[in-house]
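entry_26.txt, holding compact mmCIF, C-alpha atoms and all ligand atoms:
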```txt
# COMPACT_ATOMS: atom_id res chain seq x y z
CA MET A 1 24.45 6.10 -1.22
CA HIS A 2 23.79 6.92 2.43
CA THR A 3 20.07 7.11 3.32
CA ASP A 4 19.15 9.85 5.83
CA LYS A 5 16.31 9.40 8.30
CA LEU A 6 14.62 12.80 8.58
CA VAL A 7 13.01 13.22 11.99
CA ASP A 8 13.10 16.87 13.13
CA GLU A 9 11.08 19.98 12.31
CA LYS A 10 13.29 20.84 9.32
CA SER A 11 12.55 17.44 7.76
CA VAL A 12 9.80 18.53 5.39
CA SER A 13 11.97 21.30 3.86
CA ILE A 14 14.94 18.96 3.51
CA ALA A 15 12.73 16.34 1.86
CA ALA A 16 11.31 19.00 -0.48
CA LYS A 17 14.83 20.10 -1.54
CA LEU A 18 15.92 16.53 -2.23
CA LEU A 19 12.80 15.89 -4.32
CA GLU A 20 13.32 19.12 -6.29
CA GLN A 21 16.85 17.94 -7.02
CA GLY A 22 15.43 14.73 -8.54
CA GLU A 23 16.26 12.46 -5.60
CA LEU A 24 14.07 9.69 -4.13
CA VAL A 25 12.56 10.21 -0.67
CA ALA A 26 10.37 7.68 1.14
CA VAL A 27 7.35 9.43 2.61
CA PRO A 28 4.72 8.58 5.22
CA THR A 29 1.06 8.27 4.27
CA GLU A 30 -1.87 6.98 6.31
CA THR A 31 -1.88 3.68 4.35
CA VAL A 32 1.76 2.61 3.88
CA TYR A 33 5.05 4.44 3.26
CA GLY A 34 5.51 5.57 -0.34
CA LEU A 35 8.71 5.90 -2.37
CA ALA A 36 8.39 9.38 -3.87
CA ALA A 37 9.85 11.32 -6.78
CA ASP A 38 8.71 14.57 -8.40
CA ALA A 39 6.09 13.38 -10.91
CA ARG A 40 7.16 16.20 -13.30
CA GLN A 41 10.73 14.84 -13.54
CA PRO A 42 10.73 11.60 -15.59
CA HIS A 43 14.42 10.94 -14.78
CA ALA A 44 13.65 11.07 -11.08
CA VAL A 45 10.56 8.84 -11.50
CA ALA A 46 12.64 6.30 -13.44
CA LYS A 47 14.85 5.90 -10.36
CA ILE A 48 11.82 4.55 -8.44
CA PHE A 49 11.60 1.53 -10.74
CA ALA A 50 15.34 0.87 -10.37
CA ALA A 51 15.29 1.16 -6.55
CA LYS A 52 12.28 -1.17 -6.21
CA GLY A 53 13.16 -3.57 -9.02
CA ARG A 54 9.65 -2.91 -10.36
CA PRO A 55 8.72 -3.56 -14.02
CA ALA A 56 8.53 -0.30 -16.00
CA ASP A 57 4.98 -0.95 -17.25
CA HIS A 58 3.47 -0.91 -13.74
CA PRO A 59 1.92 2.54 -13.30
CA LEU A 60 2.49 4.78 -10.26
CA ILE A 61 0.01 6.80 -8.23
CA VAL A 62 0.51 10.59 -8.28
CA HIS A 63 -0.12 12.08 -4.84
CA ILE A 64 -1.59 15.59 -4.81
CA ALA A 65 -2.18 18.21 -2.10
CA HIS A 66 -5.87 18.80 -2.80
CA ALA A 67 -8.73 17.86 -5.13
CA SER A 68 -8.32 21.28 -6.81
CA LYS A 69 -5.09 19.86 -8.36
CA LEU A 70 -6.94 17.03 -10.16
CA SER A 71 -7.11 19.01 -13.38
CA ASP A 72 -3.30 19.48 -13.40
CA TRP A 73 -3.01 15.74 -14.09
CA ALA A 74 -6.37 14.51 -15.46
CA LYS A 75 -7.63 15.47 -18.91
CA THR A 76 -11.19 15.75 -17.66
CA VAL A 77 -12.46 15.58 -14.10
CA PRO A 78 -15.85 13.82 -14.04
CA ASP A 79 -18.42 14.66 -11.36
CA THR A 80 -17.92 11.17 -9.93
CA ALA A 81 -14.28 12.07 -9.17
CA LEU A 82 -15.29 15.30 -7.44
CA LEU A 83 -17.94 13.52 -5.36
CA LEU A 84 -15.51 10.82 -4.23
CA ALA A 85 -12.73 13.32 -3.51
CA GLU A 86 -15.15 15.45 -1.50
CA ALA A 87 -16.26 12.43 0.52
CA PHE A 88 -12.96 10.63 1.10
CA TRP A 89 -9.97 12.99 0.59
CA PRO A 90 -7.58 13.38 2.17
CA GLY A 91 -7.79 9.61 2.53
CA PRO A 92 -7.10 6.07 1.30
CA LEU A 93 -8.77 6.28 -2.12
CA THR A 94 -7.03 6.42 -5.51
CA LEU A 95 -8.93 7.61 -8.59
CA ILE A 96 -7.94 6.46 -12.08
CA LEU A 97 -8.69 9.13 -14.68
CA GLU A 98 -7.70 9.80 -18.27
CA LYS A 99 -4.31 11.55 -18.13
CA GLN A 100 -3.29 14.97 -19.38
CA GLU A 101 -0.84 14.82 -22.29
CA THR A 102 1.76 16.50 -20.07
CA VAL A 103 1.86 13.54 -17.67
CA SER A 104 4.93 11.42 -18.44
CA ASP A 105 4.58 7.84 -19.70
CA VAL A 106 7.25 6.94 -17.13
CA VAL A 107 4.68 7.72 -14.40
CA THR A 108 1.78 5.89 -16.04
CA GLY A 109 3.78 2.93 -17.37
CA GLY A 110 2.60 3.89 -20.85
CA HIS A 111 -1.10 3.73 -19.85
CA PRO A 112 -3.45 6.48 -21.10
CA SER A 113 -4.75 6.98 -17.55
CA VAL A 114 -3.25 8.26 -14.30
CA GLY A 115 -3.87 7.29 -10.65
CA LEU A 116 -4.43 10.23 -8.30
CA ARG A 117 -4.69 10.36 -4.53
CA CYS A 118 -4.64 13.00 -1.79
CA PRO A 119 -3.17 11.20 1.25
CA ALA A 120 -4.18 11.91 4.85
CA HIS A 121 -0.87 12.41 6.63
CA PRO A 122 0.13 15.81 8.03
CA LEU A 123 3.82 15.58 7.02
CA MET A 124 3.01 14.34 3.53
CA LEU A 125 0.43 17.10 3.05
CA ALA A 126 2.92 19.71 4.31
CA LEU A 127 5.47 18.35 1.82
CA LEU A 128 2.99 18.43 -1.09
CA ASN A 129 1.99 22.01 -0.23
CA GLU A 130 5.62 23.12 -0.06
CA LEU A 131 6.44 21.52 -3.41
CA ASP A 132 3.51 22.58 -5.56
CA THR A 133 3.92 19.49 -7.77
CA GLY A 134 2.63 15.93 -7.51
CA LEU A 135 4.64 13.08 -6.02
CA ALA A 136 4.71 9.81 -7.93
CA ALA A 137 4.95 7.12 -5.26
CA PRO A 138 4.41 3.37 -5.13
CA SER A 139 4.66 1.59 -1.78
CA ALA A 140 8.26 1.84 -0.49
CA ASN A 141 9.07 -1.89 -0.60
CA PRO A 142 11.29 -3.89 -2.95
CA TYR A 143 9.10 -5.42 -5.68
CA LYS A 144 6.77 -8.18 -4.36
CA LYS A 145 7.81 -7.71 -0.72
CA ILE A 146 5.71 -6.52 2.21
CA SER A 147 4.69 -2.85 2.11
CA PRO A 148 6.36 -0.86 4.93
CA THR A 149 4.33 0.80 7.67
CA THR A 150 7.27 2.33 9.59
CA ALA A 151 10.39 4.30 8.58
CA GLU A 152 12.60 1.50 9.96
CA GLN A 153 10.90 -1.01 7.69
CA VAL A 154 11.53 1.27 4.69
CA LEU A 155 15.23 1.38 5.57
CA PHE A 156 15.34 -2.40 5.93
CA GLY A 157 14.30 -2.80 2.29
CA LEU A 158 15.73 0.27 0.59
CA SER A 159 18.59 1.69 2.66
CA GLY A 160 21.44 2.79 0.40
CA LYS A 161 19.14 3.03 -2.62
CA ILE A 162 17.27 6.24 -1.74
CA ALA A 163 18.33 9.67 -0.46
CA ALA A 164 16.15 9.79 2.65
CA VAL A 165 13.07 8.63 4.50
CA LEU A 166 10.77 11.18 6.10
CA ASP A 167 9.76 9.60 9.40
CA GLY A 168 6.07 10.17 10.11
CA GLY A 169 5.63 7.37 12.64
CA PRO A 170 3.66 4.15 12.14
CA CYS A 171 0.93 4.30 9.45
CA GLU A 172 -2.60 4.72 10.83
CA VAL A 173 -4.42 2.53 8.27
CA GLY A 174 -1.74 -0.01 7.37
CA LEU A 175 -3.15 -1.34 4.04
CA GLU A 176 -2.93 0.26 0.58
CA SER A 177 -5.66 2.55 -0.76
CA THR A 178 -8.79 1.44 -2.58
CA ILE A 179 -8.36 2.04 -6.33
CA VAL A 180 -11.41 3.08 -8.40
CA ASP A 181 -11.23 3.32 -12.17
CA LEU A 182 -13.44 6.16 -13.42
CA THR A 183 -12.37 6.02 -17.07
CA SER A 184 -15.44 4.10 -18.26
CA SER A 185 -19.15 4.63 -17.71
CA THR A 186 -19.37 2.14 -14.81
CA PRO A 187 -16.92 2.82 -11.96
CA ARG A 188 -14.76 -0.25 -11.21
CA ILE A 189 -12.79 -1.10 -8.12
CA LEU A 190 -9.36 -2.33 -9.29
CA ARG A 191 -7.99 -2.95 -5.79
CA ALA A 192 -10.03 -3.49 -2.63
CA GLY A 193 -8.96 -1.23 0.20
CA PRO A 194 -9.92 0.66 3.34
CA ILE A 195 -12.79 2.50 1.59
CA SER A 196 -15.35 -0.22 0.85
CA LYS A 197 -17.47 -0.85 -2.25
CA THR A 198 -20.56 0.01 -0.19
CA GLN A 199 -19.10 3.37 0.88
CA ILE A 200 -18.29 4.23 -2.74
CA GLU A 201 -21.71 3.15 -3.99
CA SER A 202 -23.46 5.21 -1.34
CA VAL A 203 -21.62 8.37 -2.44
CA LEU A 204 -22.09 7.77 -6.18
CA GLY A 205 -25.62 6.42 -5.92
CA VAL A 206 -24.89 3.80 -8.60
CA PRO A 207 -23.63 0.19 -8.52
CA VAL A 208 -19.86 -0.17 -8.75
CA ASP A 209 -18.05 -3.13 -10.37
CA MET A 210 -15.64 -5.16 -8.31
CA PRO A 211 -14.31 -7.92 -10.55
CA LYS A 212 -13.28 -11.06 -8.65
CA LYS A 213 -10.51 -11.58 -11.18
CA HIS A 214 -7.97 -8.79 -11.02
CA ASN A 215 -6.12 -7.30 -13.93
CA VAL A 216 -2.48 -8.39 -13.96
CA ALA A 217 -1.37 -5.14 -15.59
CA VAL A 218 -1.89 -3.63 -12.16
CA SER A 219 1.22 -4.46 -10.17
CA GLY A 220 -0.46 -4.95 -6.81
CA ASN A 221 -2.59 -7.51 -8.60
CA VAL A 222 0.07 -9.99 -9.63
CA LYS A 223 -0.58 -13.34 -7.98
CA ALA A 224 2.51 -13.40 -5.74
CA HIS A 225 2.90 -10.09 -3.95
CA TYR A 226 3.28 -8.67 -0.45
CA GLN A 227 5.31 -11.75 0.41
CA PRO A 228 7.46 -12.39 3.45
CA ASN A 229 10.75 -14.23 2.81
CA LYS A 230 9.70 -17.20 4.94
CA PRO A 231 6.91 -19.53 3.72
CA LEU A 232 3.53 -18.32 4.97
CA TYR A 233 0.76 -20.91 5.46
CA ALA A 234 -2.85 -20.02 6.22
CA PHE A 235 -5.27 -22.13 8.30
CA SER A 236 -8.78 -21.87 9.68
CA THR A 237 -9.00 -21.31 13.44
CA ALA A 238 -9.88 -24.97 14.02
CA ASP A 239 -7.03 -26.28 11.84
CA LEU A 240 -4.55 -23.97 13.49
CA GLN A 241 -5.74 -25.09 16.91
CA SER A 242 -5.02 -28.75 16.10
CA ARG A 243 -1.72 -28.02 14.34
CA LEU A 244 -0.50 -26.18 17.42
CA LEU A 245 -0.37 -29.54 19.21
CA SER A 246 2.69 -30.47 17.15
CA ALA A 247 4.17 -27.00 16.60
CA GLY A 248 7.80 -26.37 17.50
CA GLU A 249 9.95 -23.34 18.19
CA ASN A 250 10.85 -22.98 14.51
CA THR A 251 7.26 -21.83 13.82
CA ALA A 252 5.82 -18.34 14.08
CA VAL A 253 2.07 -17.83 14.48
CA LEU A 254 0.10 -14.73 13.50
CA TYR A 255 -3.43 -14.93 14.90
CA PHE A 256 -6.30 -12.82 16.22
CA ASN A 257 -8.68 -15.18 18.02
CA GLU A 258 -8.52 -15.10 21.83
CA SER A 259 -9.64 -18.72 21.87
CA LEU A 260 -6.14 -19.71 20.63
CA ASN A 261 -4.29 -18.06 23.54
CA GLU A 262 -4.51 -21.17 25.69
CA ALA A 263 -3.24 -23.59 23.01
CA ILE A 264 -0.40 -21.21 22.11
CA SER A 265 0.68 -20.89 25.74
CA HIS A 266 1.45 -24.62 25.75
CA THR A 267 3.83 -24.35 22.75
CA LYS A 268 7.25 -22.82 22.08
CA VAL A 269 6.08 -21.01 18.93
CA VAL A 270 6.91 -17.34 18.39
CA SER A 271 3.47 -15.72 18.34
CA LEU A 272 1.95 -12.36 17.62
CA LYS A 273 -1.70 -11.54 18.19
CA LEU A 274 -3.56 -9.07 15.97
CA ALA A 275 -6.81 -7.30 16.90
CA ASP A 276 -10.09 -9.04 16.04
CA ASN A 277 -11.72 -5.96 14.49
CA LYS A 278 -10.94 -5.27 10.82
CA ALA A 279 -9.49 -1.76 11.10
CA ASP A 280 -6.98 -2.61 13.83
CA TYR A 281 -6.18 -5.97 12.26
CA ALA A 282 -5.35 -4.21 8.96
CA LYS A 283 -3.24 -1.66 10.79
CA GLY A 284 -1.13 -4.40 12.39
CA LEU A 285 -1.01 -6.96 9.57
CA TYR A 286 2.07 -5.89 7.54
CA TYR A 287 3.95 -4.95 10.69
CA GLY A 288 3.15 -8.37 12.17
CA LEU A 289 4.21 -10.26 9.03
CA PHE A 290 7.40 -8.23 8.82
CA THR A 291 8.25 -8.81 12.49
CA LEU A 292 7.69 -12.57 12.31
CA ASP A 293 9.67 -12.75 9.07
CA GLN A 294 12.66 -11.39 11.05
CA ALA A 295 12.22 -13.90 13.89
CA GLU A 296 14.38 -17.03 14.27
CA VAL A 297 11.82 -19.31 12.64
CA THR A 298 11.57 -21.27 9.41
CA GLU A 299 7.88 -20.74 8.61
CA ILE A 300 4.90 -18.57 9.52
CA TRP A 301 1.38 -19.87 10.22
CA LEU A 302 -1.50 -17.50 9.85
CA GLU A 303 -5.05 -17.75 11.21
CA LEU A 304 -7.40 -16.88 8.34
CA PRO A 305 -9.63 -13.88 9.12
CA PRO A 306 -13.36 -13.81 8.25
CA ALA A 307 -14.16 -14.18 4.52
CA ASN A 308 -16.90 -11.53 4.34
CA ASP A 309 -17.08 -8.22 2.42
CA GLU A 310 -15.91 -6.17 5.37
CA TRP A 311 -12.57 -7.99 5.24
CA ALA A 312 -12.23 -7.87 1.41
CA ASP A 313 -9.02 -5.80 1.41
CA VAL A 314 -7.33 -7.97 4.03
CA GLN A 315 -8.41 -11.14 2.19
CA ASP A 316 -7.07 -9.74 -1.07
CA ARG A 317 -3.61 -8.98 0.34
CA LEU A 318 -3.42 -12.30 2.20
CA SER A 319 -4.36 -14.26 -0.91
CA ARG A 320 -1.20 -12.86 -2.55
CA ALA A 321 1.05 -13.09 0.50
CA VAL A 322 0.33 -16.74 1.32
CA THR A 323 2.71 -19.35 -0.12
CA GLU A 324 1.06 -21.71 -2.57
CA LEU A 325 0.27 -25.01 -0.86
CA SER A 326 0.53 -27.43 -3.76
O1 LIG A 401 -2.05 3.43 -0.42
C1 LIG A 401 -1.48 3.42 -1.49
O2 LIG A 401 -2.09 3.36 -2.59
C2 LIG A 401 0.06 3.46 -1.47
C3 LIG A 401 0.49 4.81 -0.89
C4 LIG A 401 1.98 5.02 -0.96
O3 LIG A 401 -0.19 5.85 -1.54
N1 LIG A 401 0.58 3.29 -2.79
C5 LIG A 401 0.60 2.10 -3.44
O4 LIG A 401 1.26 2.17 -4.64
O5 LIG A 401 0.11 1.10 -2.97
P1 LIG A 401 1.62 0.85 -5.49
O6 LIG A 401 2.35 1.33 -6.69
O7 LIG A 401 2.32 -0.12 -4.63
O8 LIG A 401 0.25 0.35 -5.94
C6 LIG A 401 -0.51 1.20 -6.77
C7 LIG A 401 -1.38 0.42 -7.68
C8 LIG A 401 -0.59 -0.48 -8.59
O9 LIG A 401 -1.17 -1.76 -8.54
C9 LIG A 401 -0.75 0.18 -9.94
O10 LIG A 401 -0.68 -0.74 -10.98
C10 LIG A 401 -2.10 0.86 -9.81
O11 LIG A 401 -2.08 1.34 -8.51
N2 LIG A 401 -2.23 1.98 -10.74
C11 LIG A 401 -1.58 3.15 -10.72
N3 LIG A 401 -1.90 3.88 -11.80
C12 LIG A 401 -2.77 3.16 -12.51
C13 LIG A 401 -3.46 3.35 -13.76
N4 LIG A 401 -3.31 4.44 -14.48
N5 LIG A 401 -4.28 2.37 -14.17
C14 LIG A 401 -4.45 1.23 -13.46
N6 LIG A 401 -3.82 0.99 -12.30
C15 LIG A 401 -2.99 1.93 -11.83
MG MG A 402 2.89 -1.79 -3.74
```
When written as structure tokens, how does the structure in this file appear?
Amino acid sequence: MHTDKLVDEKSVSIAAKLLEQGELVAVPTETVYGLAADARQPHAVAKIFAAKGRPADHPLIVHIAHASKLSDWAKTVPDTALLLAEAFWPGPLTLILEKQETVSDVVTGGHPSVGLRCPAHPLMLALLNELDTGLAAPSANPYKKISPTTAEQVLFGLSGKIAAVLDGGPCEVGLESTIVDLTSSTPRILRAGPISKTQIESVLGVPVDMPKKHNVAVSGNVKAHYQPNKPLYAFSTADLQSRLLSAGENTAVLYFNESLNEAISHTKVVSLKLADNKADYAKGLYYGLFTLDQAEVTEIWLELPPANDEWADVQDRLSRAVTELS
């Protein structure tokens, strides 16, 4: 199959036609690119699992145009869902709610609940409005690989397996949405993300659970995930500084601390510097890992970012991306 890159003003209509015909189209969102199919066409949704190599019991998020569509997919819409949607949609927050009977088990991986999100990207919103259905879409990467934040990166992983990619430029946020489960009396964060626990608690006015141990039934929560092909080793700033003394040109370094500039300038490593504030670091992280994975090196060294709550989403993704040092 040839994969088209849709870049002009007709792109949204072309993408809509392809999706109506049951084809797969990769779509831009503010977090990462998604691999979309019409959530009302189980045969189309099944193609997502084949293209990604993703296990069939890992549920997909249904992307919707507006909070008013929640009741098309959720059996009941609790006040907590409306409050969170009002505060953060369109935006990087996914709500898990009990599903309507009409929602296919192919979408939910057989789970009784469904993940719903209204994404903040103008092309994606235009597409959703044109379609008047929901789009089931996981991140547009082969299973366990790094989530793509550009159309080119989508093509690198999935070219030939999908009908098209709608090019919406680089993703603004760069890390996957926060997932909140609202199916039980206490809201639970299933995946840390750009909307923090504190932000959610301040809107709901109640404490929210954030289990340290993640549920493996949730695909983004398997231990090895978001992985580059090359081994990725993580070090504190001080450890990285001393290791740089013996680093050769077969090493790539992904760092953020200005204090390492000097040491790096005395080496032949391939290096890429991320921002030292969380939002910009997150925006550049997957792109940086992807770029260094393509470089002529045999391993990647990463400077560990701060281990505080503000960096919880970055820490979570890195803990899965890093190669086990055993
Ligand atoms: O930012 C994002 O969330 C991106 C963009 C494309 O929207 N999507 C994304 O999808 O990261 P994916 O499939 O790579 O990760 C979605 C996560 C998975 O870990 C999945 O298991 C979980 O959401 N999920 C979806 N529906 C669920 C449900 N009913 N119950 C529990 N977890 C669910
Ligand atoms: Mg994913």
Q: Have a look at CA of Arg117 in chain A and atom O11 of ligand LIG 401 (chain A) and let me know their distance in Å, one decimal.
A: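 Value for the CA of Arg117 in chain A-atom O11 of ligand LIG 401 (chain A) distance: 10.2 Å.
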(Q) Need to verify the contact set: range 2-11 of chain A, 7 Å, all atoms listed in the file, exclusion of same-chain residues closer than 2 positions in sequence. Can you return it as a ChimeraX atom specification? (A) /A:13-15,159-160,162-167
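In this structure, CA of Glu86 in chain A sits 10.4 Å away from CA of Ser68 in chain A.
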Q. With all atoms listed in the file as the atoms that count, which of A:Lys273, A:Lys145, A:His111, A:Lys161 lies nearest to ligand MG 402 (chain A)?
A. A:Lys145
Which polymer residues have any atom within 8 Å of an atom of Val32 in chain A, counting only C-alpha atoms, with same-chain residues fewer than 5 positions away left out, as a PDB file with C-alpha atoms, in the coordinates of the input?
```pdb
ATOM      1  CA  SER A 139       4.660   1.590  -1.780  1.00  0.00           C
ATOM      2  CA  ALA A 140       8.260   1.840  -0.490  1.00  0.00           C
ATOM      3  CA  SER A 147       4.690  -2.850   2.110  1.00  0.00           C
ATOM      4  CA  PRO A 148       6.360  -0.860   4.930  1.00  0.00           C
ATOM      5  CA  THR A 149       4.330   0.800   7.670  1.00  0.00           C
ATOM      6  CA  THR A 150       7.270   2.330   9.590  1.00  0.00           C
ATOM      7  CA  CYS A 171       0.930   4.300   9.450  1.00  0.00           C
ATOM      8  CA  VAL A 173      -4.420   2.530   8.270  1.00  0.00           C
ATOM      9  CA  GLY A 174      -1.740  -0.010   7.370  1.00  0.00           C
ATOM     10  CA  LEU A 175      -3.150  -1.340   4.040  1.00  0.00           C
ATOM     11  CA  GLU A 176      -2.930   0.260   0.580  1.00  0.00           C
TER      12      GLU A 176
END
```
Residues within 7 Å of ligand LIG 401 (chain A) should be enumerated using all atoms listed in the file and returned as a PDB file with C-alpha atoms, in the coordinates of the input.
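The result, stored in out.pdb:
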```
ATOM      1  CA  THR A  29       1.060   8.270   4.270  1.00  0.00           C
ATOM      2  CA  THR A  31      -1.880   3.680   4.350  1.00  0.00           C
ATOM      3  CA  VAL A  32       1.760   2.610   3.880  1.00  0.00           C
ATOM      4  CA  TYR A  33       5.050   4.440   3.260  1.00  0.00           C
ATOM      5  CA  GLY A  34       5.510   5.570  -0.340  1.00  0.00           C
ATOM      6  CA  LEU A  35       8.710   5.900  -2.370  1.00  0.00           C
ATOM      7  CA  HIS A  58       3.470  -0.910 -13.740  1.00  0.00           C
ATOM      8  CA  PRO A  59       1.920   2.540 -13.300  1.00  0.00           C
ATOM      9  CA  LEU A  60       2.490   4.780 -10.260  1.00  0.00           C
ATOM     10  CA  ILE A  61       0.010   6.800  -8.230  1.00  0.00           C
ATOM     11  CA  PRO A  92      -7.100   6.070   1.300  1.00  0.00           C
ATOM     12  CA  THR A  94      -7.030   6.420  -5.510  1.00  0.00           C
ATOM     13  CA  ILE A  96      -7.940   6.460 -12.080  1.00  0.00           C
ATOM     14  CA  THR A 108       1.780   5.890 -16.040  1.00  0.00           C
ATOM     15  CA  HIS A 111      -1.100   3.730 -19.850  1.00  0.00           C
ATOM     16  CA  PRO A 112      -3.450   6.480 -21.100  1.00  0.00           C
ATOM     17  CA  SER A 113      -4.750   6.980 -17.550  1.00  0.00           C
ATOM     18  CA  VAL A 114      -3.250   8.260 -14.300  1.00  0.00           C
ATOM     19  CA  GLY A 115      -3.870   7.290 -10.650  1.00  0.00           C
ATOM     20  CA  PRO A 119      -3.170  11.200   1.250  1.00  0.00           C
ATOM     21  CA  ALA A 137       4.950   7.120  -5.260  1.00  0.00           C
ATOM     22  CA  PRO A 138       4.410   3.370  -5.130  1.00  0.00           C
ATOM     23  CA  SER A 139       4.660   1.590  -1.780  1.00  0.00           C
ATOM     24  CA  LEU A 175      -3.150  -1.340   4.040  1.00  0.00           C
ATOM     25  CA  GLU A 176      -2.930   0.260   0.580  1.00  0.00           C
ATOM     26  CA  SER A 177      -5.660   2.550  -0.760  1.00  0.00           C
ATOM     27  CA  THR A 178      -8.790   1.440  -2.580  1.00  0.00           C
ATOM     28  CA  ILE A 179      -8.360   2.040  -6.330  1.00  0.00           C
ATOM     29  CA  ALA A 217      -1.370  -5.140 -15.590  1.00  0.00           C
ATOM     30  CA  VAL A 218      -1.890  -3.630 -12.160  1.00  0.00           C
ATOM     31  CA  SER A 219       1.220  -4.460 -10.170  1.00  0.00           C
ATOM     32  CA  GLY A 220      -0.460  -4.950  -6.810  1.00  0.00           C
ATOM     33  CA  ASN A 221      -2.590  -7.510  -8.600  1.00  0.00           C
TER      34      ASN A 221
END
```
Q) In Å, with one decimal, what is the gap from CA of Ala238 in chain A to CA of Gly193 in chain A? A) 27.5 Å
Q: Between A:Leu123, A:Val297, A:Val180, A:Ile48, single out the one closest to ligand MG 402 (chain A), counting only C-alpha atoms and all ligand atoms.
A: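 For ligand MG 402 (chain A), the nearest of the candidates is A:Ile48.
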Q. Between A:Ser185, A:Ser104, A:Ser196, A:Asn141, which is the closest to ligand MG 402 (chain A) once you count all atoms listed in the file?
A.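 Among A:Ser185, A:Ser104, A:Ser196, A:Asn141, it is A:Asn141 that comes nearest to ligand MG 402 (chain A).
Distance check against ligand MG 402 (chain A) using all atoms listed in the file: of A:Ala136, A:Leu18, A:Ala85, A:Ile146, the minimum falls on A:Ile146.
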**Q.** Selected residue, from A:Lys144, A:Val208, A:Ala247, A:Val270, that lies nearest to ligand MG 402 (chain A) when counting all atoms listed in the file
**A.**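 Of the candidates, the smallest distance to ligand MG 402 (chain A) is held by A:Lys144.
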Q: List every protein, DNA or RNA residue that has an atom no more than 8 Å from (-2.9, 16.9, -17.3) in the file's coordinate frame, counting only C-alpha atoms, and report them as an MDAnalysis selection string.
A: chainID A and resid 71:75 99:103
(Q) When you look at range 319-322 of chain A with a cut-off of 6 Å (counting only C-alpha atoms), what residues show up, excluding the ones that are within fewer than 3 positions of it in the same chain? I need them as a VMD selection string. (A) chain A and resid 223 to 227 232 to 233 315 to 316
Q. Which one of A:Ala307, A:Val253, A:Ala282, A:Ile264 sits closest to Ala295 in chain A if you count only C-alpha atoms?
A.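 Using only C-alpha atoms, the shortest distance to Ala295 in chain A belongs to A:Val253.
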